[in-house]
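J.: Structure supplied as work-v3.tsv; contents: TSV, C-alpha atoms and all ligand atoms.
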```tsv
chain	number	residue	atom	x	y	z
A	1	MET	CA	-31.99	1.88	-11.65
A	2	ASN	CA	-28.45	1.21	-12.84
A	3	GLU	CA	-26.26	-1.49	-11.30
A	4	PRO	CA	-24.31	-0.18	-8.28
A	5	ILE	CA	-20.69	0.72	-9.09
A	6	PRO	CA	-18.34	-1.01	-6.62
A	7	ILE	CA	-15.24	0.70	-5.18
A	8	SER	CA	-13.08	-2.18	-6.42
A	9	ALA	CA	-13.48	-5.19	-8.71
A	10	VAL	CA	-11.19	-8.12	-9.43
A	11	ALA	CA	-10.11	-8.74	-13.01
A	12	ILE	CA	-9.29	-12.42	-13.45
A	13	GLY	CA	-9.10	-13.68	-17.02
A	14	PRO	CA	-8.17	-16.73	-19.06
A	15	ASP	CA	-4.43	-16.29	-18.35
A	16	GLU	CA	-4.94	-16.65	-14.60
A	17	GLU	CA	-7.32	-19.59	-15.14
A	18	ALA	CA	-4.84	-21.44	-17.36
A	19	LEU	CA	-1.92	-20.95	-14.99
A	20	VAL	CA	-3.92	-22.00	-11.92
A	21	LEU	CA	-5.00	-25.16	-13.76
A	22	GLU	CA	-1.39	-25.87	-14.71
A	23	VAL	CA	-0.35	-25.66	-11.05
A	24	LEU	CA	-3.29	-27.80	-9.90
A	25	ARG	CA	-2.41	-30.48	-12.44
A	26	SER	CA	1.27	-30.37	-11.46
A	27	GLY	CA	0.26	-31.46	-7.95
A	28	ARG	CA	2.73	-28.98	-6.50
A	29	LEU	CA	0.61	-26.60	-4.45
A	30	THR	CA	3.18	-25.18	-2.02
A	31	GLN	CA	5.99	-22.69	-2.64
A	32	GLY	CA	7.72	-23.75	-5.85
A	33	PRO	CA	8.76	-22.64	-9.34
A	34	LYS	CA	5.84	-20.23	-9.89
A	35	VAL	CA	6.72	-18.33	-6.71
A	36	GLU	CA	10.33	-18.13	-7.89
A	37	GLN	CA	9.21	-16.84	-11.28
A	38	LEU	CA	6.99	-14.23	-9.60
A	39	GLU	CA	9.92	-13.08	-7.46
A	40	GLN	CA	12.23	-12.69	-10.44
A	41	ARG	CA	9.70	-10.78	-12.53
A	42	PHE	CA	8.66	-8.62	-9.58
A	43	ALA	CA	12.28	-7.64	-8.86
A	44	ALA	CA	12.85	-6.80	-12.53
A	45	ALA	CA	9.65	-4.72	-12.70
A	46	HIS	CA	10.80	-2.69	-9.68
A	47	ASP	CA	14.46	-2.14	-10.65
A	48	VAL	CA	15.72	-3.99	-7.61
A	49	GLY	CA	18.03	-6.97	-7.16
A	50	GLN	CA	15.96	-9.19	-4.89
A	51	ALA	CA	12.31	-9.95	-4.27
A	52	VAL	CA	11.07	-12.37	-1.61
A	53	ALA	CA	7.45	-13.56	-1.73
A	54	VAL	CA	5.45	-13.90	1.48
A	55	ASN	CA	1.83	-14.63	2.34
A	56	SER	CA	0.59	-11.05	2.97
A	57	GLY	CA	1.54	-7.41	2.96
A	58	THR	CA	1.39	-7.48	6.73
A	59	THR	CA	3.88	-10.33	7.08
A	60	ALA	CA	6.06	-8.53	4.50
A	61	LEU	CA	6.27	-5.57	6.91
A	62	VAL	CA	6.93	-7.77	9.97
A	63	ALA	CA	9.65	-9.76	8.20
A	64	ALA	CA	11.26	-6.58	6.77
A	65	LEU	CA	11.59	-5.05	10.25
A	66	GLN	CA	12.90	-8.31	11.71
A	67	ALA	CA	15.41	-8.79	8.88
A	68	LEU	CA	16.77	-5.31	9.67
A	69	GLY	CA	17.23	-6.37	13.29
A	70	VAL	CA	14.53	-4.03	14.62
A	71	GLY	CA	13.21	-5.02	18.04
A	72	PRO	CA	12.35	-3.86	21.58
A	73	GLY	CA	13.86	-0.46	22.45
A	74	ASP	CA	13.98	0.65	18.81
A	75	GLU	CA	11.72	3.33	17.37
A	76	VAL	CA	10.08	3.31	13.95
A	77	ILE	CA	8.70	6.57	12.53
A	78	THR	CA	5.67	6.19	10.29
A	79	SER	CA	2.47	7.88	9.10
A	80	PRO	CA	-0.63	8.10	11.31
A	81	PHE	CA	-2.73	8.13	8.12
A	82	THR	CA	-2.50	4.50	7.01
A	83	PHE	CA	-4.08	1.07	7.31
A	84	VAL	CA	-3.65	-0.60	10.70
A	85	ALA	CA	-1.29	-3.27	9.25
A	86	THR	CA	1.54	-0.70	9.18
A	87	LEU	CA	1.21	-0.10	12.92
A	88	ASN	CA	0.52	-3.73	13.83
A	89	ALA	CA	3.70	-4.83	12.05
A	90	ILE	CA	5.78	-2.34	14.05
A	91	LEU	CA	4.22	-3.57	17.31
A	92	GLU	CA	4.72	-7.21	16.26
A	93	SER	CA	8.46	-6.53	15.80
A	94	GLY	CA	8.66	-5.34	19.42
A	95	ALA	CA	9.56	-1.77	18.41
A	96	THR	CA	7.88	1.48	19.47
A	97	ALA	CA	5.82	3.40	16.91
A	98	ARG	CA	6.14	7.19	16.45
A	99	PHE	CA	3.97	9.23	14.10
A	100	ALA	CA	5.03	12.19	11.99
A	101	ASP	CA	2.51	14.37	10.17
A	102	VAL	CA	1.66	14.05	6.49
A	103	THR	CA	1.75	16.72	3.78
A	104	GLU	CA	-1.25	17.80	1.68
A	105	ASP	CA	-0.50	14.91	-0.71
A	106	PHE	CA	-1.38	12.43	2.13
A	107	CYS	CA	2.18	11.05	2.37
A	108	LEU	CA	4.60	11.26	5.31
A	109	ASP	CA	6.22	14.72	5.70
A	110	VAL	CA	10.01	14.42	5.58
A	111	GLU	CA	10.62	17.45	7.80
A	112	CYS	CA	8.15	16.23	10.45
A	113	ALA	CA	9.83	12.82	10.38
A	114	ARG	CA	13.24	14.46	10.74
A	115	ALA	CA	12.05	16.30	13.86
A	116	LEU	CA	11.20	12.98	15.56
A	117	VAL	CA	14.53	11.26	14.87
A	118	GLY	CA	16.35	10.50	18.11
A	119	GLU	CA	18.81	8.08	19.72
A	120	ARG	CA	16.45	5.12	19.44
A	121	THR	CA	15.20	5.69	15.89
A	122	ARG	CA	16.16	2.79	13.62
A	123	VAL	CA	13.71	2.97	10.73
A	124	VAL	CA	11.64	5.51	8.87
A	125	LEU	CA	8.60	3.89	7.29
A	126	PRO	CA	6.79	6.03	4.66
A	127	VAL	CA	3.51	4.77	3.19
A	128	HIS	CA	2.88	5.27	-0.54
A	129	LEU	CA	-0.76	5.99	0.21
A	130	TYR	CA	-3.40	5.51	-2.52
A	131	GLY	CA	-0.59	4.67	-4.98
A	132	LEU	CA	1.28	7.99	-4.71
A	133	PRO	CA	4.94	7.51	-3.81
A	134	ALA	CA	6.19	9.48	-0.79
A	135	ASP	CA	9.05	11.94	-1.40
A	136	MET	CA	11.63	9.14	-1.45
A	137	PRO	CA	14.72	11.05	-2.65
A	138	ARG	CA	14.42	13.24	0.46
A	139	PHE	CA	13.76	10.25	2.76
A	140	ASP	CA	16.85	8.67	1.25
A	141	GLU	CA	18.82	11.79	2.17
A	142	LEU	CA	17.44	11.78	5.73
A	143	ALA	CA	18.22	8.07	6.18
A	144	ARG	CA	21.82	8.55	5.01
A	145	GLU	CA	22.34	11.60	7.22
A	146	ARG	CA	21.02	9.91	10.35
A	147	GLY	CA	22.07	6.31	9.70
A	148	LEU	CA	18.50	4.99	9.46
A	149	SER	CA	17.01	2.16	7.43
A	150	ILE	CA	14.05	2.76	5.15
A	151	VAL	CA	11.08	0.40	4.99
A	152	GLU	CA	8.52	1.37	2.34
A	153	ASP	CA	4.88	0.43	2.81
A	154	ALA	CA	4.21	-0.02	-0.91
A	155	ALA	CA	1.10	-2.18	-0.37
A	156	GLN	CA	-0.92	0.19	-2.58
A	157	ALA	CA	1.77	1.24	-5.05
A	158	HIS	CA	2.97	-1.58	-7.33
A	159	GLY	CA	4.91	-0.04	-10.20
A	160	ALA	CA	4.76	3.56	-8.94
A	161	ARG	CA	7.86	5.67	-9.56
A	162	VAL	CA	9.50	8.73	-8.09
A	163	GLY	CA	12.37	10.62	-9.69
A	164	GLY	CA	12.41	7.88	-12.36
A	165	ARG	CA	13.00	5.18	-9.73
A	166	SER	CA	10.54	2.50	-8.72
A	167	VAL	CA	9.05	2.31	-5.24
A	168	GLY	CA	10.55	-0.59	-3.32
A	169	SER	CA	14.03	0.28	-4.59
A	170	PHE	CA	14.78	2.97	-1.97
A	171	GLY	CA	14.71	0.68	1.03
A	172	VAL	CA	13.07	-2.59	1.94
A	173	GLY	CA	9.82	-2.47	-0.06
A	174	CYS	CA	6.68	-4.19	1.25
A	175	PHE	CA	3.89	-4.96	-1.22
A	176	SER	CA	0.47	-6.60	-0.79
A	177	PHE	CA	-1.43	-8.88	-3.17
A	178	TYR	CA	-4.69	-8.61	-1.20
A	179	ALA	CA	-7.81	-8.89	-3.38
A	180	THR	CA	-8.29	-5.16	-3.97
A	181	LYS	CA	-4.67	-4.18	-4.67
A	182	ASN	CA	-3.31	-3.23	-8.13
A	183	VAL	CA	-1.75	-6.72	-8.40
A	184	MET	CA	-3.60	-9.32	-6.37
A	185	CYS	CA	-4.00	-13.04	-5.71
A	186	GLY	CA	-6.55	-12.98	-2.87
A	187	GLU	CA	-3.89	-12.88	-0.15
A	188	GLY	CA	-0.15	-12.50	-0.63
A	189	GLY	CA	2.82	-10.18	-0.37
A	190	MET	CA	6.28	-9.36	-1.70
A	191	ILE	CA	9.40	-7.79	-0.21
A	192	THR	CA	12.01	-6.05	-2.36
A	193	THR	CA	15.57	-5.15	-1.42
A	194	ALA	CA	18.89	-4.36	-3.08
A	195	ASP	CA	20.70	-5.92	-0.12
A	196	ALA	CA	21.50	-9.62	-0.63
A	197	ASP	CA	22.05	-10.18	3.12
A	198	VAL	CA	18.63	-8.75	3.97
A	199	ALA	CA	17.08	-10.96	1.26
A	200	ASP	CA	18.86	-13.98	2.74
A	201	GLN	CA	17.47	-13.16	6.22
A	202	LEU	CA	13.99	-12.71	4.74
A	203	ARG	CA	14.14	-16.15	3.08
A	204	LEU	CA	15.15	-17.68	6.40
A	205	LEU	CA	12.46	-15.86	8.38
A	206	ARG	CA	9.66	-16.89	6.01
A	207	ASN	CA	10.57	-20.58	6.29
A	208	HIS	CA	11.09	-21.26	10.02
A	209	GLY	CA	14.73	-20.22	9.82
A	210	MET	CA	15.58	-23.19	7.58
A	211	ARG	CA	17.98	-23.13	4.65
A	212	VAL	CA	18.17	-26.92	4.72
A	213	PRO	CA	15.39	-29.02	6.28
A	214	TYR	CA	15.41	-29.15	10.10
A	215	ARG	CA	18.48	-26.98	10.59
A	216	TYR	CA	17.10	-23.86	12.23
A	217	GLU	CA	19.39	-20.85	11.93
A	218	VAL	CA	16.99	-18.30	13.47
A	219	PRO	CA	13.54	-18.54	15.06
A	220	GLY	CA	11.24	-17.92	12.10
A	221	HIS	CA	7.71	-18.12	10.78
A	222	ASN	CA	5.67	-19.77	8.07
A	223	TYR	CA	5.18	-16.76	5.79
A	224	ARG	CA	5.36	-18.76	2.55
A	225	LEU	CA	3.33	-17.94	-0.56
A	226	THR	CA	1.99	-20.86	-2.62
A	227	ASP	CA	2.38	-21.59	-6.32
A	228	LEU	CA	-1.42	-21.44	-6.68
A	229	GLN	CA	-1.36	-17.83	-5.46
A	230	ALA	CA	1.65	-16.99	-7.64
A	231	ALA	CA	-0.26	-18.37	-10.64
A	232	ILE	CA	-2.94	-15.72	-10.08
A	233	ALA	CA	-0.45	-12.88	-9.52
A	234	LEU	CA	1.90	-13.65	-12.45
A	235	PRO	CA	-0.41	-12.69	-15.36
A	236	GLN	CA	-1.41	-9.52	-13.50
A	237	LEU	CA	2.21	-8.55	-12.96
A	238	ASP	CA	2.70	-8.96	-16.71
A	239	ARG	CA	-0.26	-6.58	-17.22
A	240	LEU	CA	0.86	-4.11	-14.53
A	241	GLN	CA	1.67	-1.29	-16.95
A	242	ALA	CA	-1.77	-1.59	-18.59
A	243	ILE	CA	-3.52	-1.84	-15.20
A	244	ASN	CA	-1.80	1.30	-13.91
A	245	ASP	CA	-2.34	3.15	-17.23
A	246	ALA	CA	-6.08	2.39	-17.04
A	247	ARG	CA	-6.26	3.64	-13.46
A	248	ARG	CA	-4.40	6.83	-14.43
A	249	ALA	CA	-6.68	7.42	-17.42
A	250	HIS	CA	-9.75	6.94	-15.22
A	251	ALA	CA	-8.32	9.36	-12.63
A	252	ALA	CA	-7.67	11.96	-15.34
A	253	HIS	CA	-11.24	11.59	-16.63
A	254	LEU	CA	-12.68	12.01	-13.12
A	255	SER	CA	-10.49	15.07	-12.45
A	256	GLU	CA	-11.53	16.66	-15.74
A	257	GLY	CA	-15.22	16.11	-14.95
A	258	LEU	CA	-15.00	17.22	-11.32
A	259	ARG	CA	-12.68	20.19	-11.60
A	260	SER	CA	-15.28	22.91	-11.07
A	261	VAL	CA	-17.39	21.22	-8.38
A	262	PRO	CA	-17.42	23.55	-5.35
A	263	GLY	CA	-16.16	22.19	-2.01
A	264	LEU	CA	-14.07	19.47	-3.58
A	265	ARG	CA	-10.29	19.24	-3.58
A	266	LEU	CA	-8.98	16.89	-6.26
A	267	PRO	CA	-5.83	14.76	-5.97
A	268	SER	CA	-2.71	16.42	-7.36
A	269	VAL	CA	0.52	14.70	-8.28
A	270	PRO	CA	3.74	16.45	-7.21
A	271	ALA	CA	6.41	16.90	-9.90
A	272	GLY	CA	8.65	13.89	-10.40
A	273	ARG	CA	6.20	11.38	-8.97
A	274	GLU	CA	4.11	8.80	-10.82
A	275	HIS	CA	0.79	7.98	-9.16
A	276	VAL	CA	-0.73	4.53	-9.80
A	277	PHE	CA	-4.16	5.46	-8.35
A	278	HIS	CA	-4.87	2.47	-6.17
A	279	GLN	CA	-7.47	4.93	-4.91
A	280	TYR	CA	-8.77	8.17	-6.39
A	281	THR	CA	-9.22	10.25	-3.25
A	282	VAL	CA	-10.80	13.69	-3.04
A	283	ARG	CA	-11.25	15.97	-0.05
A	284	VAL	CA	-14.62	17.44	0.90
A	285	THR	CA	-13.65	20.85	2.26
A	286	ALA	CA	-15.33	22.99	4.93
A	287	ASP	CA	-17.16	25.16	2.34
A	288	ALA	CA	-18.88	22.17	0.66
A	289	ALA	CA	-22.70	21.97	0.54
A	290	VAL	CA	-22.62	18.71	2.56
A	291	ASP	CA	-19.92	17.15	4.73
A	292	ARG	CA	-17.86	14.08	3.88
A	293	ASP	CA	-20.23	11.54	5.41
A	294	GLY	CA	-23.10	13.28	3.60
A	295	VAL	CA	-21.23	12.84	0.32
A	296	VAL	CA	-20.72	9.11	0.98
A	297	ALA	CA	-24.42	8.71	1.81
A	298	GLY	CA	-25.54	10.75	-1.22
A	299	LEU	CA	-23.37	8.65	-3.51
A	300	ALA	CA	-24.69	5.42	-1.98
A	301	GLU	CA	-28.26	6.56	-2.78
A	302	ARG	CA	-27.15	7.00	-6.39
A	303	GLY	CA	-25.56	3.55	-6.58
A	304	ILE	CA	-21.94	4.70	-6.24
A	305	ARG	CA	-19.93	2.87	-3.60
A	306	ALA	CA	-17.42	5.38	-2.26
A	307	GLY	CA	-14.89	4.47	0.44
A	308	VAL	CA	-13.35	6.28	3.39
A	309	TYR	CA	-9.70	5.34	3.82
A	310	TYR	CA	-9.23	5.93	6.69
A	311	PRO	CA	-11.95	7.38	8.94
A	312	ARG	CA	-9.65	7.78	11.98
A	313	LEU	CA	-5.91	8.08	12.53
A	314	VAL	CA	-4.31	4.66	12.88
A	315	HIS	CA	-3.52	5.00	16.59
A	316	ASP	CA	-6.86	6.63	17.45
A	317	HIS	CA	-8.73	3.43	18.33
A	318	PRO	CA	-9.39	1.80	21.72
A	319	SER	CA	-7.19	-1.12	20.61
A	320	HIS	CA	-4.09	1.05	20.17
A	321	ARG	CA	-4.66	4.37	21.95
A	322	ASP	CA	-3.15	3.31	25.28
A	323	HIS	CA	-0.62	0.80	23.97
A	324	PRO	CA	2.69	1.32	25.82
A	325	ARG	CA	4.66	1.24	22.54
A	326	VAL	CA	2.42	3.69	20.68
A	327	VAL	CA	3.73	7.24	21.16
A	328	VAL	CA	1.46	9.94	19.77
A	329	ASP	CA	2.52	13.45	18.75
A	330	GLU	CA	0.28	16.14	17.26
A	331	THR	CA	-0.32	15.66	13.52
A	332	PRO	CA	-2.76	18.43	12.52
A	333	VAL	CA	-2.70	17.83	8.75
A	334	ALA	CA	-3.38	14.11	9.16
A	335	ALA	CA	-6.18	14.88	11.63
A	336	GLN	CA	-7.81	17.20	9.10
A	337	VAL	CA	-7.52	14.97	6.02
A	338	THR	CA	-8.89	11.95	7.86
A	339	ALA	CA	-12.13	13.93	8.34
A	340	GLU	CA	-12.28	15.08	4.70
A	341	VAL	CA	-11.24	12.19	2.43
A	342	VAL	CA	-13.48	10.10	0.26
A	343	SER	CA	-12.30	7.66	-2.40
A	344	LEU	CA	-14.28	7.25	-5.63
A	345	PRO	CA	-14.20	4.11	-7.80
A	346	VAL	CA	-11.21	4.21	-10.21
A	347	HIS	CA	-10.52	0.51	-10.86
A	348	PRO	CA	-9.63	-0.72	-14.38
A	349	ARG	CA	-12.96	-2.40	-15.05
A	350	LEU	CA	-14.96	0.85	-15.06
A	351	SER	CA	-16.47	1.96	-18.36
A	352	ARG	CA	-16.62	5.55	-19.64
A	353	THR	CA	-20.36	5.54	-18.92
A	354	GLU	CA	-19.76	4.49	-15.32
A	355	LEU	CA	-17.09	7.16	-14.84
A	356	ASP	CA	-19.56	9.75	-16.15
A	357	ARG	CA	-22.21	8.42	-13.76
A	358	ILE	CA	-19.75	8.96	-10.88
A	359	ILE	CA	-19.03	12.54	-12.02
A	360	GLU	CA	-22.75	13.28	-12.37
A	361	ALA	CA	-23.55	11.85	-8.93
A	362	VAL	CA	-20.77	13.78	-7.16
A	363	THR	CA	-21.80	17.00	-8.92
A	364	GLU	CA	-25.42	16.48	-7.89
A	365	VAL	CA	-24.60	15.69	-4.26
A	366	LEU	CA	-22.42	18.79	-3.90
A	367	ARG	CA	-24.68	21.19	-5.81
B	401	LIG	C1	-3.26	-3.67	2.23
B	401	LIG	C2	-2.30	-2.90	3.07
B	401	LIG	C3	-1.42	-3.52	3.96
B	401	LIG	C4	-1.47	-4.97	4.35
B	401	LIG	O1	-1.50	-5.88	3.33
B	401	LIG	P1	-2.24	-7.29	3.54
B	401	LIG	O2	-1.80	-8.05	2.33
B	401	LIG	O3	-3.71	-7.02	3.57
B	401	LIG	O4	-1.73	-7.89	4.80
B	401	LIG	C5	-0.46	-2.73	4.59
B	401	LIG	N1	-0.42	-1.41	4.41
B	401	LIG	C6	-1.28	-0.76	3.59
B	401	LIG	C7	-1.14	0.72	3.42
B	401	LIG	C8	-2.26	-1.49	2.91
B	401	LIG	O5	-3.11	-0.84	2.11
```
Mind converting the file's structure to structure tokens?
Ligand SMILES: *Cc1c(COP(=O)(O)O)cnc(C)c1O
T.:
Amino acid sequence: MNEPIPISAVAIGPDEEALVLEVLRSGRLTQGPKVEQLEQRFAAAHDVGQAVAVNSGTTALVAALQALGVGPGDEVITSPFTFVATLNAILESGATARFADVTEDFCLDVECARALVGERTRVVLPVHLYGLPADMPRFDELARERGLSIVEDAAQAHGARVGGRSVGSFGVGCFSFYATKNVMCGEGGMITTADADVADQLRLLRNHGMRVPYRYEVPGHNYRLTDLQAAIALPQLDRLQAINDARRAHAAHLSEGLRSVPGLRLPSVPAGREHVFHQYTVRVTADAAVDRDGVVAGLAERGIRAGVYYPRLVHDHPSHRDHPRVVVDETPVAAQVTAEVVSLPVHPRLSRTELDRIIEAVTEVLR
């Protein structure tokens, strides 16, 4: 029996080891020069003026909403097909969450979002799910028309582009460095913005509202990233192009091998958008030989660890269903895809042989 193929795998090499050792030996383990270097390189890599490092993708989202002045009475429109952090951050800010449907590409539908915009709407919050950017030029148009701010949940989309522009440059961009993400350091996050005032607010919020020690300008948090974490993320950021290229090549190989499997709908990339394949996600359609959960089980038997992101809509849990600031509208496309999606391993450490094993297993399960 072959070794099981995991859905994700960390790639830490000698560059990360050397930089972590350098920080350890410097004795400076808190936020310092490595964090600053990471911020500068991250901003440059995403064509945006400012980047502010924080300690997770979740706190990036909370701080972004707070820096924009979002609070109780305000509404934020987002996708129901996302990780719970997106919703929890909205609730943490005090705002009310509204959910627009997604399109067949799994990203927030601009027209459905437009239909929900009302008096109280302050922010539209698209999620670049699986590494595919949402239709940002059209969200940009909507935001300008209706006087809204954009917050991008780019936790899965480091380096992705749309219309030649990087994600995180359309609004306030929120990235995650959690262990499985395209750039990672265990736990960490980054916020991008072109607005220097927003960046200034973010820097205050992450450090208890202090610009100078013990002068508190706003009530804040401790959302600081450490130099040890930055030392792990920096070499990966330098390799981002290669990481994303490898993921794209693996996705292309999977799509080539799976294109005539019945009952399977492969990911497609709309014109003008660059996918970075944080996940390679297929849909098991109604005419398939087995259903989605059957596919996951069949793959597990063959040593392939597939993932289901996400098995239910984000608000459809006992923890959130009856929350007074969670307002649910019908989202039929999201409801359907959540029952059909399965993500196959696509991470950069996969070999050609392993990719072929995945193709063979999927083909067998759906025969
Ligand atoms: C990972 C993730 C987050 C949260 O990031 P953390 O660093 O884990 O807090 C938010 N949104 C999405 C879509 C994610 O995948």
J.: Pick from A:Tyr280, A:Phe139, A:Tyr214, A:Phe81: nearest to A:Phe170, with only C-alpha atoms counted?
T.: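 With only C-alpha atoms as the atom set, the closest residue is A:Phe139.
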J.: If you count all atoms listed in the file, which residues end up within 10 Å of ligand LIG 401 (chain B), as an MDAnalysis selection string?
T.: chainID A and resid 54:61 79 81:89 126:131 152:157 174:181 184:190 278 309
J.: Stretch 102-115 of chain A: which residues within 10 Å, counting all atoms listed in the file, same-chain residues fewer than 3 positions away excluded, as a PyMOL selection string?
T.: chain A and resi 77-82+98-99+118+124-130+132-136+138-143+146+267-270+281+331-338+341
J.: Can I get the selected residues back with C-alpha atoms, as a CSV table (one decimal), in the coordinates of the input?
T.:
```csv
chain,number,residue,atom,x,y,z
A,77,ILE,CA,8.7,6.6,12.5
A,78,THR,CA,5.7,6.2,10.3
A,79,SER,CA,2.5,7.9,9.1
A,80,PRO,CA,-0.6,8.1,11.3
A,81,PHE,CA,-2.7,8.1,8.1
A,82,THR,CA,-2.5,4.5,7.0
A,98,ARG,CA,6.1,7.2,16.4
A,99,PHE,CA,4.0,9.2,14.1
A,118,GLY,CA,16.4,10.5,18.1
A,124,VAL,CA,11.6,5.5,8.9
A,125,LEU,CA,8.6,3.9,7.3
A,126,PRO,CA,6.8,6.0,4.7
A,127,VAL,CA,3.5,4.8,3.2
A,128,HIS,CA,2.9,5.3,-0.5
A,129,LEU,CA,-0.8,6.0,0.2
A,130,TYR,CA,-3.4,5.5,-2.5
A,132,LEU,CA,1.3,8.0,-4.7
A,133,PRO,CA,4.9,7.5,-3.8
A,134,ALA,CA,6.2,9.5,-0.8
A,135,ASP,CA,9.0,11.9,-1.4
A,136,MET,CA,11.6,9.1,-1.4
A,138,ARG,CA,14.4,13.2,0.5
A,139,PHE,CA,13.8,10.2,2.8
A,140,ASP,CA,16.8,8.7,1.2
A,141,GLU,CA,18.8,11.8,2.2
A,142,LEU,CA,17.4,11.8,5.7
A,143,ALA,CA,18.2,8.1,6.2
A,146,ARG,CA,21.0,9.9,10.4
A,267,PRO,CA,-5.8,14.8,-6.0
A,268,SER,CA,-2.7,16.4,-7.4
A,269,VAL,CA,0.5,14.7,-8.3
A,270,PRO,CA,3.7,16.4,-7.2
A,281,THR,CA,-9.2,10.2,-3.2
A,331,THR,CA,-0.3,15.7,13.5
A,332,PRO,CA,-2.8,18.4,12.5
A,333,VAL,CA,-2.7,17.8,8.8
A,334,ALA,CA,-3.4,14.1,9.2
A,335,ALA,CA,-6.2,14.9,11.6
A,336,GLN,CA,-7.8,17.2,9.1
A,337,VAL,CA,-7.5,15.0,6.0
A,338,THR,CA,-8.9,12.0,7.9
A,341,VAL,CA,-11.2,12.2,2.4
```
J.: Any idea what the distance is between atom CA of A:Gly49 and atom CA of A:Glu16?
T.: 26.0 Å
J.: Taking 5 positions as the minimum chain separation for residues in the same chain, which residues sit within 10 Å of A:Asp316 when counting only C-alpha atoms? Answer as a list in words.
T.: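 The residues satisfying every condition are Pro80, Pro311, Arg321, Asp322 and Val328 of chain A.
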J.: Write to file, as a PDB file, keeping the file's coordinate frame, the residues of the selection just made, with C-alpha atoms.
T.:
```pdb
ATOM      1  CA  PRO A  80      -0.630   8.100  11.310  1.00  0.00           C
ATOM      2  CA  PRO A 311     -11.950   7.380   8.940  1.00  0.00           C
ATOM      3  CA  ARG A 321      -4.660   4.370  21.950  1.00  0.00           C
ATOM      4  CA  ASP A 322      -3.150   3.310  25.280  1.00  0.00           C
ATOM      5  CA  VAL A 328       1.460   9.940  19.770  1.00  0.00           C
TER       6      VAL A 328
END
```
J.: Which residue out of A:Leu29, A:Val212, A:Ala251, A:Ile358 has the minimum interatomic distance to A:Leu299 when only C-alpha atoms are used?
T.: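 Result for the nearest residue to A:Leu299: A:Ile358.
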J.: Work out how far apart atom CA of A:Leu344 and atom CA of A:Leu366 are and give it in Å to one decimal.
T.: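 Pair atom CA of A:Leu344 / atom CA of A:Leu366 returns 14.2 Å.
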J.: Using only C-alpha atoms, can you tell me which of A:Arg25, A:Arg122, A:Arg206, A:Arg259 comes closest to A:Arg224?
T.: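 Of A:Arg25, A:Arg122, A:Arg206, A:Arg259, the one nearest A:Arg224, counting only C-alpha atoms, is A:Arg206.
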J.: Report as CSV: every residue of stretch 188-297 of chain A with an atom at most 9 Å from stretch 8-14 of chain A, its closest pair of atoms, and their distance in Å to one decimal, counting all atoms listed in the file, with rows sorted by chain and ascending residue number.
T.:
```
residue,atom,partner,partner_atom,distance
A:Ile232,CA,A:Ile12,CA,7.9
A:Pro235,CA,A:Gly13,CA,8.9
A:Gln236,CA,A:Ile12,CA,8.4
```
J.: Mind giving me the straight-line distance from atom CA of A:Val218 to atom CA of A:Leu204 in Å, one decimal?
T.: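 That distance, rounded to one decimal, is 7.3 Å.
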J.: When distances are computed from only C-alpha atoms, which of A:Thr285, A:Ser93, A:Asn207, A:Gln279 shows the smallest separation from A:Ser343?
T.: A:Gln279
J.: Stretch 257-266 of chain A, all listed atoms, 5 Å padding on each side: what axis-aligned box centre and edge lengths in Å to one decimal come out, as lines of an AutoDock Vina configuration file?
T.:
```
center_x = -13.2
center_y = 19.8
center_z = -8.5
size_x = 18.4
size_y = 17.4
size_z = 22.9
```
J.: Applying 10 Å and only C-alpha atoms, which residues near A:Asp195 remain after dropping the ones on its own chain fewer than 2 positions away? List them as a PDB file with C-alpha atoms, in the coordinates of the input.
T.:
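Output file selection-v8.pdb follows:
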```
ATOM      1  CA  VAL A  48      15.720  -3.990  -7.610  1.00  0.00           C
ATOM      2  CA  GLY A  49      18.030  -6.970  -7.160  1.00  0.00           C
ATOM      3  CA  GLN A  50      15.960  -9.190  -4.890  1.00  0.00           C
ATOM      4  CA  GLY A 171      14.710   0.680   1.030  1.00  0.00           C
ATOM      5  CA  VAL A 172      13.070  -2.590   1.940  1.00  0.00           C
ATOM      6  CA  THR A 192      12.010  -6.050  -2.360  1.00  0.00           C
ATOM      7  CA  THR A 193      15.570  -5.150  -1.420  1.00  0.00           C
ATOM      8  CA  ASP A 197      22.050 -10.180   3.120  1.00  0.00           C
ATOM      9  CA  VAL A 198      18.630  -8.750   3.970  1.00  0.00           C
ATOM     10  CA  ALA A 199      17.080 -10.960   1.260  1.00  0.00           C
ATOM     11  CA  ASP A 200      18.860 -13.980   2.740  1.00  0.00           C
TER      12      ASP A 200
END
```
J.: Reconstruct stretch 215-219 of chain A at the level of N, CA and C atoms, and format the result as a compact mmCIF listing (two decimals), in the frame of the given file.
T.:
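Resulting contents of part04.txt:
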```
# COMPACT_ATOMS: atom_id res chain seq x y z
N ARG A 215 17.37 -27.71 9.95
CA ARG A 215 18.48 -26.98 10.59
C ARG A 215 18.02 -25.53 10.74
N TYR A 216 17.71 -25.15 11.98
CA TYR A 216 17.10 -23.86 12.23
C TYR A 216 18.17 -22.84 12.57
N GLU A 217 18.33 -21.84 11.71
CA GLU A 217 19.39 -20.85 11.93
C GLU A 217 18.90 -19.68 12.77
N VAL A 218 17.62 -19.34 12.65
CA VAL A 218 16.99 -18.30 13.47
C VAL A 218 15.57 -18.76 13.77
N PRO A 219 14.97 -18.25 14.87
CA PRO A 219 13.54 -18.54 15.06
C PRO A 219 12.75 -17.82 13.97
```
